[in-house]
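S.K.: Below: one structure in structure tokens.
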Amino acid sequence: MAIRTGKEVTDEAVETLVQLQSGEITPISTGKPHLDEVMLGGFLPGTVLGIVARSGHGKTYELEGIQRHIMMNDPDVVLLQCAWELEVLKLLTRDIAYRTKKSTKEVMFEKPEGNDLAEFKKVCDTFRNPNMYFQNEPVSSDEFSEDIMQLILNNKDKKILVTIDNLENVLNTEGSQKASMDKLLYTVNILKKRHPFICFIVLDQANNEITKRVGDPKSHKPMESDVYGTDQLLKLCDVLLFKIIPTKLGIYDKFMVFGKDRYDWLEEFKLPAGSSTTSFDPFGCVFFFYLKIRQVEDEKTIKDLHITRMYTREDCGMKPVGYTSKPQFPSDESTETLRPPIVDLTTPNPNSLNDSSAKGEGFEKPF
């Protein structure tokens, strides 16, 4: 029965509020200051965070950073990774590469020694954490619901974080991909009320609409209609983060046009202003737009855009903006520290690796 008395639901809410005020319950920090700021310190009971970006713009990278921070700093959190897109081997390899500052190729094909071996072991032990779970293949929304309910029953007294990578990979069992995505989000909305402290991260694609506007700086800013497949994600999320790397869209000289006094906390990223307007220098920058923040205390002071700089034009041996419309990258050798190599390799079947006949008698895990 979905109907409950006002006393029941109010008493539950008051109990949670008292626990928050006393510090008995604390937010789960994301490790990203700008994100923690808009989430009132991090994940709270029932929080749903959406991360949207074009393919190749680093949705999974952002997710991995959040998960890595949580497992290193709040290891008692139960983490379920619905890794519907990347195999665990790739996730593990990427995490090791991050920790050791090596390329993916080096991690996969060079035997670690010394400090690198110690870091390998640390990352592998993190993945072996008894609070770490994986749903490593796409499922239907019904299977998803059953698995999460079982996780809830087994972890009633722990904080739970469920991450979905990516929403569009849910199995199509409802007649269309949109209907299947909508049903999964409907399921998330129910499940977030089934546990005292469960929260979700949902990754989704940006559709092709934003690519049609690259020639018009006045229309560069992402919109709600740029979210792929479903409008339910925007409705469900407490925070919806839209990530853009302009140069991946072919935008090199200027990104957006806005009043020169707008975004006063991002002055270092602005180009020289005209009489009344200016733009951002897109080169080497990653833009994070907050399309939705449910708990806004003051609309006038909310920072709805955050920018990080990966590298500058000078780092790449380029002249200042205005001299060239497209970047002239130096050789790969000279930018190795700026752009880590990307290796896309076919992953062996994990089940075959676990079979003693496949790995040979006497196999011993080195890390």
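We name chains A, B, ... following the order of the structure tokens; residues begin at 1 in each chain, and ligands are numbered from 1 as shown.
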Residues of region 112-284 of chain A in alpha helix (DSSP H) according to DSSP, as a ChimeraX atom specification?

M.R.: /A:114-127,141-154,177-191,232-236

S.K.: Could you list, as a PyMOL selection string, every residue within 12 Å of Thr278 (chain A), counting only C-alpha atoms and ignoring same-chain residues fewer than 6 positions away?

M.R.: chain A and resi 217-218+254-264+266-267+269-272

S.K.: Write the selection just made, keeping C-alpha atoms, as a short mmCIF file (atom, residue, chain, number, x, y, z; two decimals), in the first residue's frame?

M.R.:
data_model
loop_
_atom_site.label_atom_id
_atom_site.label_comp_id
_atom_site.auth_asym_id
_atom_site.auth_seq_id
_atom_site.Cartn_x
_atom_site.Cartn_y
_atom_site.Cartn_z
CA PRO A 217 28.03 30.87 -30.00
CA LYS A 218 24.76 32.32 -28.71
CA LYS A 254 35.31 31.15 -28.57
CA PHE A 255 32.62 29.37 -26.62
CA MET A 256 29.27 31.04 -25.85
CA VAL A 257 28.44 34.75 -25.93
CA PHE A 258 27.18 36.46 -22.78
CA GLY A 259 27.22 39.77 -20.92
CA LYS A 260 30.74 40.61 -19.76
CA ASP A 261 29.59 40.81 -16.13
CA ARG A 262 28.03 37.33 -16.23
CA TYR A 263 29.92 34.42 -14.62
CA ASP A 264 31.99 36.70 -12.44
CA LEU A 266 35.08 32.54 -14.00
CA GLU A 267 36.99 35.66 -15.04
CA PHE A 269 38.57 31.80 -18.52
CA LYS A 270 37.07 34.77 -20.37
CA LEU A 271 38.39 36.30 -23.58
CA PRO A 272 38.93 40.08 -23.76
#

S.K.: So that I can see what lies close to region 283-288 of chain A, please list as number ranges by chain the residues with an atom at most 7 Å from it, counting only C-alpha atoms and leaving out residues fewer than 6 positions away in the same chain.

M.R.: A: 241-245, 247, 252, 305-313

S.K.: Considering only C-alpha atoms, can you say which of A:Lys178, A:Arg128, A:Lys122, A:His195 comes closest to Asn154 (chain A)?

M.R.: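 Looking only at the distances to Asn154 (chain A), the closest residue turns out to be A:His195.
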
S.K.: Provide the CA of His34 (chain A) to CA of Lys235 (chain A) distance in Å, to one decimal place.

M.R.: 21.6 Å

S.K.: With only C-alpha atoms counted and 7 Å as the cut-off, give the residues of region 141-240 of chain A in contact with region 38-60 of chain A, each with its shortest interatomic distance in Å and the pair that gives it, as a tab-separated table.

M.R.:
residue	atom	partner	partner_atom	distance
A:Lys192	CA	A:Gly46	CA	5.0
A:Lys193	CA	A:Gly46	CA	6.8
A:Pro196	CA	A:Pro45	CA	6.5
A:Phe197	CA	A:Pro45	CA	4.3
A:Ile198	CA	A:Gly46	CA	5.5
A:Cys199	CA	A:Thr47	CA	4.8
A:Phe200	CA	A:Val48	CA	4.7
A:Ile201	CA	A:Leu49	CA	4.7
A:Val202	CA	A:Gly50	CA	4.8
A:Leu203	CA	A:Ile51	CA	4.9
A:Asp204	CA	A:Val52	CA	5.0
A:Gln205	CA	A:Ala53	CA	5.3
A:Ala206	CA	A:Arg54	CA	4.8
A:Val227	CA	A:Val52	CA	6.9
A:Cys237	CA	A:Val48	CA	4.9
A:Asp238	CA	A:Val48	CA	5.4
A:Val239	CA	A:Leu49	CA	5.1
A:Leu240	CA	A:Gly50	CA	4.6

S.K.: Enter the distance from CA of Met223 (chain A) to CA of Asn208 (chain A), in Å, rounded to one decimal.

M.R.: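 A separation of 12.0 Å between them.
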
S.K.: Quick one, how far is CA of Ala83 (chain A) from CA of Asn166 (chain A)?

M.R.: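 Those two atoms sit 7.7 Å apart.
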
S.K.: Report the residues of region 45-225 of chain A whose backbone DSSP state falls under strand (DSSP E), written as number ranges by chain.

M.R.: A: 48-53, 78-83, 132-134, 160-165, 198-205

S.K.: So which one's closest to Lys156 (chain A), A:Asn136, A:Val77, A:Thr93, A:Phe127? Using only C-alpha atoms, please.

M.R.: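 Closest to Lys156 (chain A), using only C-alpha atoms: A:Val77.
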
S.K.: As a PyMOL selection string, please: the residues near Glu143 (chain A) (cut-off 12 Å, only C-alpha atoms, same-chain neighbours under 2 positions excluded).

M.R.: chain A and resi 82+135+137-141+145-150+170-171+173+183-184+187

S.K.: Next, write the just-selected residues to a file, as a PDB file, in the first residue's frame, keeping C-alpha atoms as the atom set.

M.R.:
ATOM      1  CA  CYS A  82      26.010  -1.133 -12.917  1.00  0.00           C
ATOM      2  CA  GLN A 135      26.287  -5.686 -12.270  1.00  0.00           C
ATOM      3  CA  GLU A 137      25.949  -6.680 -18.079  1.00  0.00           C
ATOM      4  CA  PRO A 138      22.804  -4.807 -19.140  1.00  0.00           C
ATOM      5  CA  VAL A 139      19.597  -5.894 -17.447  1.00  0.00           C
ATOM      6  CA  SER A 140      15.920  -5.044 -17.688  1.00  0.00           C
ATOM      7  CA  SER A 141      14.349  -2.591 -15.258  1.00  0.00           C
ATOM      8  CA  SER A 145      14.753  -3.638  -9.249  1.00  0.00           C
ATOM      9  CA  GLU A 146      15.097  -7.193  -7.943  1.00  0.00           C
ATOM     10  CA  ASP A 147      18.876  -6.891  -7.585  1.00  0.00           C
ATOM     11  CA  ILE A 148      18.698  -3.536  -5.797  1.00  0.00           C
ATOM     12  CA  MET A 149      16.025  -4.790  -3.404  1.00  0.00           C
ATOM     13  CA  GLN A 150      18.248  -7.741  -2.512  1.00  0.00           C
ATOM     14  CA  VAL A 170      19.219  -0.775 -20.230  1.00  0.00           C
ATOM     15  CA  LEU A 171      17.710  -3.785 -21.984  1.00  0.00           C
ATOM     16  CA  THR A 173      11.936  -4.860 -22.912  1.00  0.00           C
ATOM     17  CA  LYS A 183      10.709   2.529 -16.719  1.00  0.00           C
ATOM     18  CA  LEU A 184      14.197   2.226 -15.247  1.00  0.00           C
ATOM     19  CA  THR A 187      12.128   2.124 -10.754  1.00  0.00           C
TER      20      THR A 187
END
